[in-house]
Structure formats: structure tokens, C-alpha cells
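What follows is the content of input.txt, which has compact mmCIF, C-alpha atoms (C1' of nucleotides):
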# COMPACT_ATOMS: atom_id res chain seq x y z
CA MET G 1 -39.18 20.84 -0.37
CA SER G 2 -42.98 20.48 -0.72
CA GLY G 3 -44.61 18.02 -3.11
CA PRO G 4 -43.19 14.88 -4.66
CA THR G 5 -40.83 16.59 -7.10
CA GLY G 6 -39.19 18.64 -4.41
CA ALA G 7 -38.81 15.64 -2.17
CA ALA G 8 -37.27 13.55 -4.94
CA SER G 9 -34.87 16.32 -5.86
CA SER G 10 -33.79 16.76 -2.29
CA ALA G 11 -33.33 13.00 -1.91
CA VAL G 12 -31.06 13.06 -4.95
CA ARG G 13 -29.18 16.02 -3.60
CA LEU G 14 -28.71 14.41 -0.22
CA ALA G 15 -27.29 11.28 -1.82
CA ALA G 16 -24.91 13.37 -3.94
CA GLU G 17 -23.73 15.43 -1.00
CA THR G 18 -23.24 12.32 1.08
CA TRP G 19 -21.11 10.71 -1.59
CA GLU G 20 -19.17 13.92 -2.16
CA SER G 21 -18.38 14.14 1.55
CA LEU G 22 -17.41 10.50 1.78
CA PHE G 23 -15.16 10.87 -1.22
CA ARG G 24 -13.43 14.04 0.00
CA SER G 25 -12.82 12.60 3.44
CA GLN G 26 -11.26 9.57 1.81
CA VAL G 27 -9.00 11.83 -0.25
CA ALA G 28 -7.97 13.83 2.79
CA VAL G 29 -7.13 10.79 4.87
CA MET G 30 -5.43 8.89 2.05
CA ARG G 31 -3.31 11.89 1.20
CA LYS G 32 -1.93 11.98 4.73
CA LEU G 33 -1.46 8.25 4.95
CA GLN G 34 0.42 7.79 1.71
CA SER G 35 2.77 10.64 2.43
CA GLY G 36 3.93 8.92 5.61
CA PRO G 37 7.27 7.12 5.79
CA ALA G 38 5.51 3.73 5.85
CA PHE G 39 5.07 3.84 2.09
CA LYS G 40 8.54 4.83 1.00
CA THR G 41 9.48 1.20 0.50
CA LEU G 42 6.21 0.06 -1.06
CA PRO G 43 3.48 2.06 -2.81
CA VAL G 44 0.09 2.07 -1.07
CA LYS G 45 -1.61 0.09 -3.81
CA GLU G 46 0.98 -2.64 -3.60
CA TYR G 47 0.73 -2.72 0.17
CA ASP G 48 -3.03 -3.02 -0.18
CA VAL G 49 -2.66 -6.25 -2.10
CA LEU G 50 -0.33 -7.67 0.55
CA PHE G 51 -2.77 -6.57 3.22
CA THR G 52 -5.73 -8.15 1.45
CA LEU G 53 -3.85 -11.41 1.19
CA SER G 54 -2.85 -11.26 4.84
CA ARG G 55 -6.50 -10.91 5.90
CA CYS G 56 -7.68 -13.82 3.85
CA PRO G 57 -8.30 -17.00 5.91
CA SER G 58 -7.07 -19.44 3.24
CA GLY G 59 -4.01 -17.31 2.55
CA GLN G 60 -4.76 -17.45 -1.16
CA LEU G 61 -6.89 -15.30 -3.40
CA ARG G 62 -7.75 -15.29 -7.05
CA LEU G 63 -6.61 -12.24 -8.96
CA ASN G 64 -10.18 -11.35 -9.89
CA GLU G 65 -11.19 -11.44 -6.21
CA ILE G 66 -8.42 -9.01 -5.38
CA ASN G 67 -9.45 -6.88 -8.30
CA ASP G 68 -12.87 -6.36 -6.71
CA LYS G 69 -11.31 -4.80 -3.63
CA VAL G 70 -8.96 -2.44 -5.40
CA LEU G 71 -9.54 0.51 -7.72
CA LEU G 72 -7.37 -0.78 -10.54
CA SER G 73 -8.04 -2.20 -13.98
CA GLN G 74 -7.46 -5.89 -14.50
CA SER G 75 -4.32 -5.30 -16.53
CA SER G 76 -2.87 -2.90 -13.99
CA LEU G 77 -3.40 -5.40 -11.22
CA SER G 78 -1.74 -8.08 -13.33
CA ARG G 79 1.34 -5.94 -13.69
CA LEU G 80 1.30 -4.78 -10.11
CA VAL G 81 1.42 -8.45 -9.15
CA ASP G 82 4.34 -8.87 -11.57
CA ARG G 83 6.22 -6.28 -9.56
CA LEU G 84 5.37 -7.88 -6.24
CA GLU G 85 6.40 -11.26 -7.58
CA LYS G 86 9.68 -9.90 -8.92
CA ARG G 87 10.40 -8.56 -5.43
CA GLY G 88 9.65 -11.97 -3.99
CA LEU G 89 6.71 -10.76 -1.90
CA VAL G 90 3.98 -12.89 -3.46
CA GLU G 91 3.71 -16.09 -5.42
CA ARG G 92 1.47 -17.02 -8.33
CA THR G 93 0.04 -20.55 -8.40
CA ALA G 94 -2.30 -22.17 -10.88
CA ALA G 95 -5.81 -22.43 -9.49
CA PRO G 96 -6.62 -26.11 -8.92
CA ASP G 97 -10.30 -25.93 -9.84
CA ASP G 98 -10.04 -23.55 -12.79
CA GLY G 99 -7.33 -23.84 -15.39
CA ARG G 100 -7.60 -20.18 -16.29
CA GLY G 101 -7.24 -18.91 -12.77
CA VAL G 102 -4.25 -17.80 -10.75
CA LEU G 103 -4.02 -17.98 -7.01
CA LEU G 104 -1.92 -15.41 -5.25
CA SER G 105 -0.29 -15.98 -1.88
CA LEU G 106 2.20 -14.17 0.33
CA THR G 107 5.74 -15.41 0.64
CA ASP G 108 7.35 -15.31 4.08
CA SER G 109 9.15 -12.18 3.04
CA GLY G 110 5.89 -10.65 1.84
CA ARG G 111 4.14 -11.50 5.08
CA GLU G 112 6.94 -9.90 7.07
CA LEU G 113 6.95 -6.73 5.03
CA GLN G 114 3.17 -6.46 5.27
CA LYS G 115 3.34 -6.77 9.04
CA ALA G 116 6.11 -4.23 9.33
CA ILE G 117 4.37 -1.64 7.19
CA GLY G 118 1.00 -2.56 8.65
CA ARG G 119 2.05 -1.78 12.20
CA GLU G 120 3.16 1.70 11.23
CA HIS G 121 0.17 2.19 8.96
CA VAL G 122 -2.33 1.28 11.66
CA ARG G 123 -0.68 3.73 14.01
CA ASP G 124 -0.93 6.49 11.40
CA ILE G 125 -4.59 5.71 10.86
CA ALA G 126 -5.31 5.87 14.56
CA HIS G 127 -3.56 9.23 14.81
CA LEU G 128 -5.85 10.61 12.13
CA VAL G 129 -9.15 8.97 12.98
CA ALA G 130 -9.16 8.73 16.76
CA PRO G 131 -8.91 12.49 17.42
CA ALA G 132 -11.59 13.18 14.81
CA LEU G 133 -14.40 10.92 15.97
CA THR G 134 -15.51 9.36 19.23
CA ALA G 135 -15.51 5.58 19.50
CA GLU G 136 -19.26 5.65 19.16
CA GLU G 137 -19.06 7.76 16.01
CA GLN G 138 -16.42 5.48 14.56
CA ARG G 139 -18.62 2.46 15.13
CA GLU G 140 -21.48 4.23 13.40
CA LEU G 141 -19.30 5.29 10.48
CA LEU G 142 -18.07 1.73 10.19
CA ARG G 143 -21.61 0.42 10.17
CA LEU G 144 -22.83 2.91 7.56
CA THR G 145 -19.94 2.47 5.16
CA GLU G 146 -20.16 -1.30 5.44
CA LYS G 147 -23.86 -1.14 4.72
CA LEU G 148 -23.21 1.07 1.72
CA ARG G 149 -20.48 -1.19 0.41
CA ALA G 150 -22.58 -4.30 0.78
CA SER G 151 -25.49 -2.71 -1.02
CA VAL G 152 -23.36 -1.44 -3.88
CA ALA G 153 -21.51 -4.74 -4.24
CA GLY G 154 -24.83 -6.54 -4.68
CA HIS G 155 -25.59 -4.29 -7.64
CA MET Y 1 -10.24 -5.62 26.59
CA SER Y 2 -9.32 -5.18 30.24
CA GLY Y 3 -6.78 -2.68 31.46
CA PRO Y 4 -5.34 0.35 29.68
CA THR Y 5 -3.27 -1.57 27.12
CA GLY Y 6 -6.23 -3.60 25.93
CA ALA Y 7 -8.36 -0.50 25.66
CA ALA Y 8 -5.73 1.37 23.69
CA SER Y 9 -5.23 -1.55 21.35
CA SER Y 10 -8.93 -1.87 20.72
CA ALA Y 11 -9.19 1.87 20.07
CA VAL Y 12 -6.47 1.54 17.47
CA ARG Y 13 -8.17 -1.46 15.93
CA LEU Y 14 -11.49 0.33 15.78
CA ALA Y 15 -9.93 3.28 14.00
CA ALA Y 16 -8.21 0.97 11.52
CA GLU Y 17 -11.38 -0.98 10.81
CA THR Y 18 -13.34 2.21 10.38
CA TRP Y 19 -10.87 3.55 7.86
CA GLU Y 20 -10.71 0.23 6.06
CA SER Y 21 -14.48 0.17 5.71
CA LEU Y 22 -14.65 3.78 4.57
CA PHE Y 23 -11.97 3.12 2.01
CA ARG Y 24 -13.54 -0.06 0.63
CA SER Y 25 -16.94 1.54 0.34
CA GLN Y 26 -15.36 4.39 -1.57
CA VAL Y 27 -13.70 1.91 -3.93
CA ALA Y 28 -16.95 0.03 -4.49
CA VAL Y 29 -18.96 3.15 -5.24
CA MET Y 30 -16.28 4.79 -7.37
CA ARG Y 31 -15.84 1.64 -9.41
CA LYS Y 32 -19.51 1.68 -10.35
CA LEU Y 33 -19.59 5.39 -11.01
CA GLN Y 34 -16.60 5.58 -13.26
CA SER Y 35 -17.72 2.64 -15.36
CA GLY Y 36 -20.93 4.49 -16.23
CA PRO Y 37 -21.42 6.14 -19.63
CA ALA Y 38 -21.09 9.60 -18.07
CA PHE Y 39 -17.32 9.29 -18.07
CA LYS Y 40 -16.69 8.08 -21.58
CA THR Y 41 -16.13 11.62 -22.78
CA LEU Y 42 -14.13 12.83 -19.79
CA PRO Y 43 -12.18 10.88 -17.16
CA VAL Y 44 -13.50 11.14 -13.61
CA LYS Y 45 -10.48 13.04 -12.35
CA GLU Y 46 -10.86 15.65 -15.04
CA TYR Y 47 -14.56 15.94 -14.36
CA ASP Y 48 -13.75 16.42 -10.70
CA VAL Y 49 -11.72 19.51 -11.49
CA LEU Y 50 -14.55 20.97 -13.56
CA PHE Y 51 -16.97 20.15 -10.76
CA THR Y 52 -14.79 21.76 -8.12
CA LEU Y 53 -14.58 24.92 -10.20
CA SER Y 54 -18.33 24.94 -10.77
CA ARG Y 55 -18.96 24.81 -7.01
CA CYS Y 56 -16.63 27.67 -6.23
CA PRO Y 57 -18.45 30.99 -5.57
CA SER Y 58 -15.83 33.21 -7.22
CA GLY Y 59 -15.61 30.90 -10.21
CA GLN Y 60 -11.85 30.85 -9.90
CA LEU Y 61 -9.48 28.69 -7.93
CA ARG Y 62 -5.76 28.50 -7.50
CA LEU Y 63 -4.14 25.29 -8.66
CA ASN Y 64 -2.88 24.52 -5.19
CA GLU Y 65 -6.40 24.87 -3.77
CA ILE Y 66 -7.67 22.36 -6.29
CA ASN Y 67 -4.76 20.12 -5.47
CA ASP Y 68 -5.96 19.88 -1.88
CA LYS Y 69 -9.26 18.41 -2.97
CA VAL Y 70 -7.92 15.85 -5.39
CA LEU Y 71 -5.71 12.80 -4.92
CA LEU Y 72 -3.10 13.81 -7.47
CA SER Y 73 0.45 15.04 -7.29
CA GLN Y 74 1.09 18.67 -8.11
CA SER Y 75 2.73 17.81 -11.42
CA SER Y 76 -0.09 15.49 -12.44
CA LEU Y 77 -2.64 18.17 -11.74
CA SER Y 78 -0.60 20.65 -13.76
CA ARG Y 79 -0.72 18.35 -16.75
CA LEU Y 80 -4.33 17.38 -16.23
CA VAL Y 81 -5.10 21.10 -16.46
CA ASP Y 82 -3.02 21.23 -19.63
CA ARG Y 83 -5.36 18.68 -21.15
CA LEU Y 84 -8.48 20.51 -20.01
CA GLU Y 85 -7.09 23.75 -21.36
CA LYS Y 86 -6.23 22.13 -24.69
CA ARG Y 87 -9.83 20.97 -24.95
CA GLY Y 88 -11.02 24.49 -24.22
CA LEU Y 89 -12.79 23.56 -20.99
CA VAL Y 90 -10.81 25.73 -18.60
CA GLU Y 91 -8.66 28.83 -18.72
CA ARG Y 92 -5.48 29.69 -16.87
CA THR Y 93 -5.03 33.26 -15.65
CA ALA Y 94 -2.20 34.85 -13.72
CA ALA Y 95 -3.16 35.36 -10.08
CA PRO Y 96 -3.42 39.11 -9.41
CA ASP Y 97 -2.08 39.04 -5.87
CA ASP Y 98 0.64 36.44 -6.33
CA GLY Y 99 2.98 36.45 -9.29
CA ARG Y 100 3.68 32.75 -8.91
CA GLY Y 101 0.06 31.71 -8.82
CA VAL Y 102 -2.33 30.58 -11.50
CA LEU Y 103 -6.09 30.99 -11.34
CA LEU Y 104 -8.22 28.43 -13.07
CA SER Y 105 -11.71 29.11 -14.34
CA LEU Y 106 -14.29 27.31 -16.45
CA THR Y 107 -14.95 28.38 -19.99
CA ASP Y 108 -18.57 28.40 -21.17
CA SER Y 109 -17.91 25.13 -22.91
CA GLY Y 110 -16.41 23.70 -19.73
CA ARG Y 111 -19.36 24.81 -17.66
CA GLU Y 112 -21.76 23.20 -20.11
CA LEU Y 113 -19.90 19.91 -20.18
CA GLN Y 114 -19.71 19.85 -16.39
CA LYS Y 115 -23.45 20.36 -16.13
CA ALA Y 116 -24.19 17.71 -18.72
CA ILE Y 117 -21.99 15.09 -17.08
CA GLY Y 118 -23.01 16.27 -13.64
CA ARG Y 119 -26.69 15.62 -14.21
CA GLU Y 120 -26.03 12.05 -15.21
CA HIS Y 121 -23.44 11.58 -12.50
CA VAL Y 122 -25.78 12.76 -9.75
CA ARG Y 123 -28.43 10.37 -10.98
CA ASP Y 124 -25.94 7.48 -10.88
CA ILE Y 125 -24.94 8.41 -7.35
CA ALA Y 126 -28.53 8.49 -6.19
CA HIS Y 127 -29.16 5.09 -7.71
CA LEU Y 128 -26.30 3.67 -5.68
CA VAL Y 129 -26.66 5.51 -2.39
CA ALA Y 130 -30.39 5.96 -1.94
CA PRO Y 131 -31.26 2.24 -1.90
CA ALA Y 132 -28.39 1.54 0.49
CA LEU Y 133 -29.09 4.00 3.28
CA THR Y 134 -32.11 5.82 4.67
CA ALA Y 135 -32.17 9.59 4.49
CA GLU Y 136 -31.40 9.69 8.19
CA GLU Y 137 -28.41 7.40 7.73
CA GLN Y 138 -27.17 9.45 4.80
CA ARG Y 139 -27.33 12.60 6.89
CA GLU Y 140 -25.35 10.88 9.62
CA LEU Y 141 -22.78 9.55 7.17
CA LEU Y 142 -22.46 13.04 5.71
CA ARG Y 143 -21.95 14.52 9.15
CA LEU Y 144 -19.34 11.95 10.20
CA THR Y 145 -17.29 12.10 7.02
CA GLU Y 146 -17.34 15.89 7.05
CA LYS Y 147 -16.20 15.87 10.66
CA LEU Y 148 -13.41 13.47 9.78
CA ARG Y 149 -12.33 15.51 6.78
CA ALA Y 150 -12.29 18.74 8.75
CA SER Y 151 -10.24 17.19 11.51
CA VAL Y 152 -7.72 15.66 9.13
CA ALA Y 153 -7.42 18.84 7.08
CA GLY Y 154 -6.51 20.76 10.22
CA HIS Y 155 -3.61 18.36 10.78
C1' DC I 1 18.49 46.19 0.43
C1' DA I 2 20.85 41.81 -0.21
C1' DC I 3 20.45 37.11 1.07
C1' DT I 4 18.46 32.78 2.56
C1' DG I 5 14.79 29.85 2.50
C1' DA I 6 10.12 28.76 1.20
C1' DT I 7 6.18 28.46 -2.16
C1' DA I 8 3.71 28.04 -6.84
C1' DC I 9 3.80 26.06 -10.85
C1' DA I 10 6.10 23.76 -15.07
C1' DT I 11 8.86 20.12 -17.27
C1' DG I 12 12.15 15.96 -18.35
C1' DC I 13 11.91 11.39 -17.75
C1' DA I 14 11.01 6.86 -15.93
C1' DA I 15 7.32 4.17 -14.08
C1' DA I 16 2.41 2.99 -13.69
C1' DT I 17 -2.12 2.75 -15.79
C1' DG I 18 -5.88 1.60 -18.96
C1' DC I 19 -7.76 0.15 -23.42
C1' DA I 20 -7.81 -3.10 -26.78
C1' DT I 21 -6.58 -7.45 -27.81
C1' DC I 22 -4.69 -12.11 -27.35
C1' DT I 23 -4.51 -16.88 -25.46
C1' DA I 24 -6.34 -20.44 -22.99
C1' DG I 25 -9.74 -22.69 -20.38
C1' DT I 26 -14.77 -23.04 -19.17
C1' DT I 27 -19.81 -22.95 -19.73
C1' DT I 28 -23.93 -23.12 -22.50
C1' DG I 29 -27.30 -24.85 -25.51
C1' DA I 30 -28.89 -26.75 -29.84
C1' DT E 1 -21.08 -33.58 -28.55
C1' DC E 2 -19.44 -29.74 -30.23
C1' DA E 3 -19.39 -24.94 -31.65
C1' DA E 4 -20.37 -20.37 -29.90
C1' DA E 5 -20.23 -17.43 -26.12
C1' DC E 6 -18.03 -16.31 -21.96
C1' DT E 7 -14.43 -15.74 -18.33
C1' DA E 8 -9.47 -15.37 -16.31
C1' DG E 9 -5.49 -13.50 -16.97
C1' DA E 10 -1.38 -11.66 -19.89
C1' DT E 11 0.57 -8.30 -23.16
C1' DG E 12 1.39 -4.34 -26.84
C1' DC E 13 0.96 0.31 -26.87
C1' DA E 14 -0.46 5.01 -25.99
C1' DT E 15 -1.72 7.90 -22.11
C1' DT E 16 -1.25 9.34 -17.37
C1' DT E 17 1.27 9.67 -13.18
C1' DG E 18 4.86 10.87 -9.92
C1' DC E 19 9.65 12.04 -8.63
C1' DA E 20 13.17 15.08 -9.16
C1' DT E 21 14.30 19.30 -10.66
C1' DG E 22 13.98 23.97 -12.83
C1' DT E 23 12.27 28.77 -12.87
C1' DA E 24 10.01 32.57 -10.98
C1' DT E 25 8.11 34.89 -7.11
C1' DC E 26 7.43 35.75 -2.27
C1' DA E 27 8.53 36.25 2.84
C1' DG E 28 11.65 36.84 6.52
C1' DT E 29 16.34 38.43 8.54
C1' DG E 30 20.49 40.89 9.06
Just give me the structure of the file as C-alpha cells.
Amino acid sequence: MSGPTGAASSAVRLAAETWESLFRSQVAVMRKLQSGPAFKTLPVKEYDVLFTLSRCPSGQLRLNEINDKVLLSQSSLSRLVDRLEKRGLVERTAAPDDGRGVLLSLTDSGRELQKAIGREHVRDIAHLVAPALTAEEQRELLRLTEKLRASVAGH
Amino acid sequence: MSGPTGAASSAVRLAAETWESLFRSQVAVMRKLQSGPAFKTLPVKEYDVLFTLSRCPSGQLRLNEINDKVLLSQSSLSRLVDRLEKRGLVERTAAPDDGRGVLLSLTDSGRELQKAIGREHVRDIAHLVAPALTAEEQRELLRLTEKLRASVAGH
DNA sequence: CACTGATACATGCAAATGCATCTAGTTTGA
DNA sequence: TCAAACTAGATGCATTTGCATGTATCAGTG
């Protein structure tokens, strides 16, 4: 802990422990959430795409934009969208400004299902998070994770 | 925002936004980490099992204990361990106190590989986390995520 | 002790995933 | 202007995953 080498090593260790803790907490929470009844009808990853679309102001997103938000390979997302489309929950449209691109949007049925699952999901989240952290702590956790995400996203 | 209903609703929203942010930051960081060269030889999930074993004081863990730490179904973990065992990185042993149980431990080769990947991995983590958050912020993030994990783990 | 239910792990099988590659459209630069 | 390099997304195929179930062991009850 004294001298530059010690300080650097402990900075590295702190970063590693922080990430480890963030990761394990995510695992613990996700495990509970995905075992809930909300995701019997639709896997979490598929819901996540519906959710992402529902949050988007224009109502449409390019597949590669969605891919940034989700921990899936490009090909897996492509096929996940196939499944959603087959179930009539989303719709593929050619991107107007880029002939290669595909815009994804929710159908009415997709929007409804997202809302239905979302309501339950949000309740489950609150039941897990609210008893664990005060409102003040939640705001701080939100701030820190957003700061981390923004920094990592910008390389 | 006024009255009990508004307050409750905003508490629920805060919890949901906090989780959303935690989750997205995890996705962003994990995406970078797993694309690094450290995980060309061993998938992240398999490394994670080696890592978990390396951190354990007794050097041995039951499969169900490992399963708690990892976002994998029981059967998937069983087969992931098959692969690690086939590569000679871990060893299954019958649990002495429970005839149903299996203890997992690292082989020398497994320990070495974990250390080799771990060194690189820790460096990658530091490169992502250290520029994003101050040491003080990292400590706070560590504290909050650990508190969340502990609360969720205890139902 | 026998019996019922629960727990730990393994396995058959269908579904999901990722890598490599393909096609098509776009950008770059000589 | 046009060929080479690049990007968006789809697809073949092998690997990984999860659900349902099977087997063995354990814990509790009469």
C-alpha cells in the first residue's frame, strides 16, 4: 500500500473487486427475476427487445442499435427477432436511409404483451431492490452504473 | 409525486430504473471483456468456474454452490463441468458427507490457466473501470452492489 | 424401519447461441 | 468513376443451453 507499485496494484484490485461485485449482484437479481412467472410466456432476452423498442421515442430501432444494448451476438439477435416476428410481436421494415438496414418496431400485440409482462416485471424488481437499498442509495447506484456504462460505451 | 400513491409509484420507478442501469452497465462491460483476447482459449463462463474455485479457501466447492454464483441452469453447469473435466482443468470428487454431492476442485493445469487468464482479465477490467469512476466511487459501487446481492440472496 | 417427499446431480432431446461465411448495399480514395 | 474496403444483416452448421426427466441419496413421519 506504500509506494507507486503498491498503489497501482491496489487500484487494479479495487477495480476488479468492484466489477466482480457488480457482476455477482446482477446474477443474483437476474436469477430471481427470470424465475418469476412473468417470463413463462416470453424469455427474458426476448422481452428485453420488446422493452427496448417500447422505450424508444421513434418506436423504431435498427437491429445493430438493439444489439448494443443486449448481450447477444449479431446472428443470435437476428434469429431472436425471427422468433418475435413469427409470433407477430414485432415487424421488420427496410431502413429508408440505408438499404442494408432493418428497422424493428412493435406490433400492437407486441406492445400489449410488453406492457403486460412489464407491469409484473417492474413489481418484481421493486420487491427485490427496494428492501435492499434506501432511495438515496438507489439513486447513487443508478448514477454510478450510468457513469460506468457511458464511459465504457465511449471506448 | 404528491400523496401516498404517487410516492409508491415513484419508489417503484426508481427501483426499476436502478436495476435497468445496473443491468445495462453490466452488459456494456461484459461485452468488452469477453471480446478481449483473454477468452479465446476459454469461454468466460468456463473461466468463471475456474475463478470461483480459485477464490475458495478449501479449494473445493459443491456443484450447487457454484450454481448459485453463475447464471446457468443446473444441467448446463453439469455439462460445462464435463467440458472442463475433459480438458483436465478440474476434477470431480464424491462429497464425503453427502452421497449425492460432487466436489469440484482445480487441477494444477486448471489453476495455472486460471491465473494466466486472470492476470489479463484483471488488467482489462482495470482499463475499463478505473477511467470511469474514482476510487471513492468504486468503493461506493462495491458497497452498494454487495448490499444488494446480500439482500437478494437472503430472499 | 418403511414410506413419502425433497435434494443433488446426470442425461435425452429440442431449442438457442455463436462462429464463419454469404449477400447486398455503402463508403473511401486513387 | 470505379474498385477495394467496410458495414448491416441473414444463414449453415457445430456447440451450448435449458426443460423435463431419471437415478441415487437424504431427511422427516408414522
Could you tell me which residues of chain G sit within 10 Å of chain I when counting all atoms listed in the file, and give me the result as a list in words?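 Only these qualify: Leu72, Ser73, Gln74, Ser75, Ser76, Leu77, Arg79, Leu80, Asp98, Gly99, Arg100 and Gly101 of chain G.
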Would you list the contacts of region 87-93 of chain G as a PDB file with C-alpha atoms, in the frame of the given file, taking every protein, DNA or RNA residue within 10 Å and counting all atoms listed in the file, but skipping same-chain residues closer than 2 positions in sequence?
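Printed below is part.pdb as written:
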ATOM      1  CA  VAL G  49      -2.660  -6.250  -2.100  1.00  0.00           C
ATOM      2  CA  LEU G  50      -0.330  -7.670   0.550  1.00  0.00           C
ATOM      3  CA  LEU G  53      -3.850 -11.410   1.190  1.00  0.00           C
ATOM      4  CA  GLN G  60      -4.760 -17.450  -1.160  1.00  0.00           C
ATOM      5  CA  LEU G  61      -6.890 -15.300  -3.400  1.00  0.00           C
ATOM      6  CA  ARG G  62      -7.750 -15.290  -7.050  1.00  0.00           C
ATOM      7  CA  LEU G  63      -6.610 -12.240  -8.960  1.00  0.00           C
ATOM      8  CA  VAL G  81       1.420  -8.450  -9.150  1.00  0.00           C
ATOM      9  CA  ASP G  82       4.340  -8.870 -11.570  1.00  0.00           C
ATOM     10  CA  ARG G  83       6.220  -6.280  -9.560  1.00  0.00           C
ATOM     11  CA  LEU G  84       5.370  -7.880  -6.240  1.00  0.00           C
ATOM     12  CA  GLU G  85       6.400 -11.260  -7.580  1.00  0.00           C
ATOM     13  CA  ALA G  95      -5.810 -22.430  -9.490  1.00  0.00           C
ATOM     14  CA  PRO G  96      -6.620 -26.110  -8.920  1.00  0.00           C
ATOM     15  CA  GLY G 101      -7.240 -18.910 -12.770  1.00  0.00           C
ATOM     16  CA  VAL G 102      -4.250 -17.800 -10.750  1.00  0.00           C
ATOM     17  CA  LEU G 103      -4.020 -17.980  -7.010  1.00  0.00           C
ATOM     18  CA  LEU G 104      -1.920 -15.410  -5.250  1.00  0.00           C
ATOM     19  CA  SER G 105      -0.290 -15.980  -1.880  1.00  0.00           C
ATOM     20  CA  LEU G 106       2.200 -14.170   0.330  1.00  0.00           C
ATOM     21  CA  THR G 107       5.740 -15.410   0.640  1.00  0.00           C
ATOM     22  CA  ASP G 108       7.350 -15.310   4.080  1.00  0.00           C
ATOM     23  CA  SER G 109       9.150 -12.180   3.040  1.00  0.00           C
ATOM     24  CA  GLY G 110       5.890 -10.650   1.840  1.00  0.00           C
ATOM     25  CA  ARG G 111       4.140 -11.500   5.080  1.00  0.00           C
ATOM     26  CA  GLU G 112       6.940  -9.900   7.070  1.00  0.00           C
ATOM     27  CA  LEU G 113       6.950  -6.730   5.030  1.00  0.00           C
ATOM     28  CA  GLN G 114       3.170  -6.460   5.270  1.00  0.00           C
TER      29      GLN G 114
END
At a cut-off of 9 Å, which residues of chain Y touch chain G? Count only C-alpha atoms and give the answer as an NGL selection string. :Y and (11-32 or 68-72 or 121-123 or 125-133 or 135 or 137-153 or 155)
Separation of C1' of DA8 (chain E) and CA of Asn64 (chain G), in Å?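 Interatomic distance here is 7.6 Å.
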For a quick test of understanding: name the residues of chain E lying within 9 Å of chain G when counting all atoms listed in the file, and present them as a ChimeraX atom specification. /E:7-11
In Å, rounded to a single decimal, give me how far C1' of DC19 (chain E) is from CA of Thr52 (chain G). 27.3 Å
What does the distance between C1' of DA27 (chain E) and CA of Ile66 (chain Y) come to in Å, to one decimal place?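 These two atoms are separated by 23.2 Å.
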